[in-house]
Amino acid sequence: MSAPFKGHFDQIGEGPPILCIPGFGSSNRIFRPLAERLKDRFCLILPDNRGMGQSPAAWKPYQLDDLAGDCLNLMDSLHHERFAVIGLSMGGFVAQLLTLQAPQRVGALALLCSTSGGEAFQQVFPSLSEEQVKGIYSLKAQARIEAALSPAICPLLKTRYPDVYQQVLGWRSREQENLPQIMLQYYAVSQFMANTVALESITCPTLVMNGDTDLLVPLINAEMLVERIPGAQLSVITETDHLFFLEKEQEVAEKLGLFLGG
């Protein structure tokens, strides 16, 4: 019997279940615009990872495999034996591990602005040292948020998509990160990035999506995912960066809907 899921989650829409795993330092709020566009066709399950959003704080170090286990426990509790998974950035790391833990349960996999572990991939994420991360997340709220959304990370966001920039600025202003919880997640990500993932063992239909000017996860990493995951397909969202799923929300939702609905 699986352990009970102890975190927070939201559920939006009706239809075939899709598990949506958010990225580094983020609550499930980042998924809500896509969920609103997909809710007429799918049931979207949006967990908050340990120590993020409304989930309880983690009290000891963990690995991303543990977050994958949390997600499986959640789907058990909802009685979803088989489901699709969308992993966003770091959520894509968790999605890869979950698919390898329970390949018979994942019917389709979508990896958005994500990469994988091992020397073959350009290790741009995480590109910051432990001390740099601590420095950023110790800043006052406005300075911290502006650093996270700076042109060095999202070069197109503020100038080409100012409405999205203001939207994300508002979200992050209302959701204050906890530095100890951020660091626990940082250590888990660092450990993941140091090890090669058996991507060749992922056999479910897989869609890899990436912005063409993503500085955090460059397009070459998405191309490498497609090379290593059997039968995977690549969708490049032009004139976007790491937040392409918000910058061109409708286009991304349509492509996800076609992939997951097929």
# chains A, B, ... in the order shown; residues from 1 in each chain; ligands from 1
>>> residues_around(residues="stretch 234-246 of chain A", least_positions_apart="3", cutoff="7 Å", atoms="only C-alpha atoms", output="PDB file with C-alpha atoms, in the first residue's frame")
ATOM      1  CA  CYS A 113      11.672  23.868 -20.846  1.00  0.00           C
ATOM      2  CA  CYS A 154      14.160  35.641 -19.425  1.00  0.00           C
ATOM      3  CA  PRO A 155      15.478  37.975 -22.154  1.00  0.00           C
ATOM      4  CA  LEU A 156      12.136  38.549 -23.902  1.00  0.00           C
ATOM      5  CA  VAL A 164       2.965  38.396 -18.714  1.00  0.00           C
ATOM      6  CA  LEU A 207       6.609  15.570 -26.299  1.00  0.00           C
ATOM      7  CA  VAL A 208       9.515  17.924 -25.587  1.00  0.00           C
ATOM      8  CA  MET A 209       8.736  21.655 -25.808  1.00  0.00           C
ATOM      9  CA  ASN A 210      11.220  24.522 -25.586  1.00  0.00           C
ATOM     10  CA  GLY A 211      11.511  28.229 -26.258  1.00  0.00           C
ATOM     11  CA  ASP A 212      13.971  29.040 -29.036  1.00  0.00           C
ATOM     12  CA  THR A 213      15.786  31.705 -26.959  1.00  0.00           C
ATOM     13  CA  ASP A 214      15.726  29.942 -23.576  1.00  0.00           C
ATOM     14  CA  LEU A 215      18.930  30.904 -21.744  1.00  0.00           C
ATOM     15  CA  LEU A 216      18.278  28.763 -18.682  1.00  0.00           C
ATOM     16  CA  VAL A 226      14.488  13.907 -28.139  1.00  0.00           C
ATOM     17  CA  GLU A 249      -0.012  30.305 -23.688  1.00  0.00           C
ATOM     18  CA  VAL A 252       1.268  25.822 -26.106  1.00  0.00           C
TER      19      VAL A 252
END
>>> select_by_dssp(residues="stretch 141-247 of chain A", states="helix (DSSP H, G or I)", output="PyMOL selection string")
chain A and resi 141-148+157-160+162-174+179-193+199-201+219-228+244-247
>>> residues_around(residues="stretch 143-153 of chain A", least_positions_apart="4", cutoff="7 Å", atoms="only C-alpha atoms", output="MDAnalysis selection string")
chainID A and resid 136:137 139 169 172 215:216
>>> write_last_selection(atoms="C-alpha atoms", output="tab-separated table (two decimals), in the first residue's frame")
chain	number	residue	atom	x	y	z
A	136	ILE	CA	19.42	35.90	-4.33
A	137	TYR	CA	16.81	34.39	-2.03
A	139	LEU	CA	17.22	39.74	-1.04
A	169	LEU	CA	5.60	39.75	-10.86
A	172	ARG	CA	5.73	36.04	-7.01
A	215	LEU	CA	18.93	30.90	-21.74
A	216	LEU	CA	18.28	28.76	-18.68
>>> atom_distance(atom1="atom CA of A:Glu251", atom2="atom CA of A:Ile45")
21.0 Å
>>> residues_around(residues="stretch 70-76 of chain A", least_positions_apart="5", cutoff="8 Å", atoms="only C-alpha atoms", output="count of residues only")
7
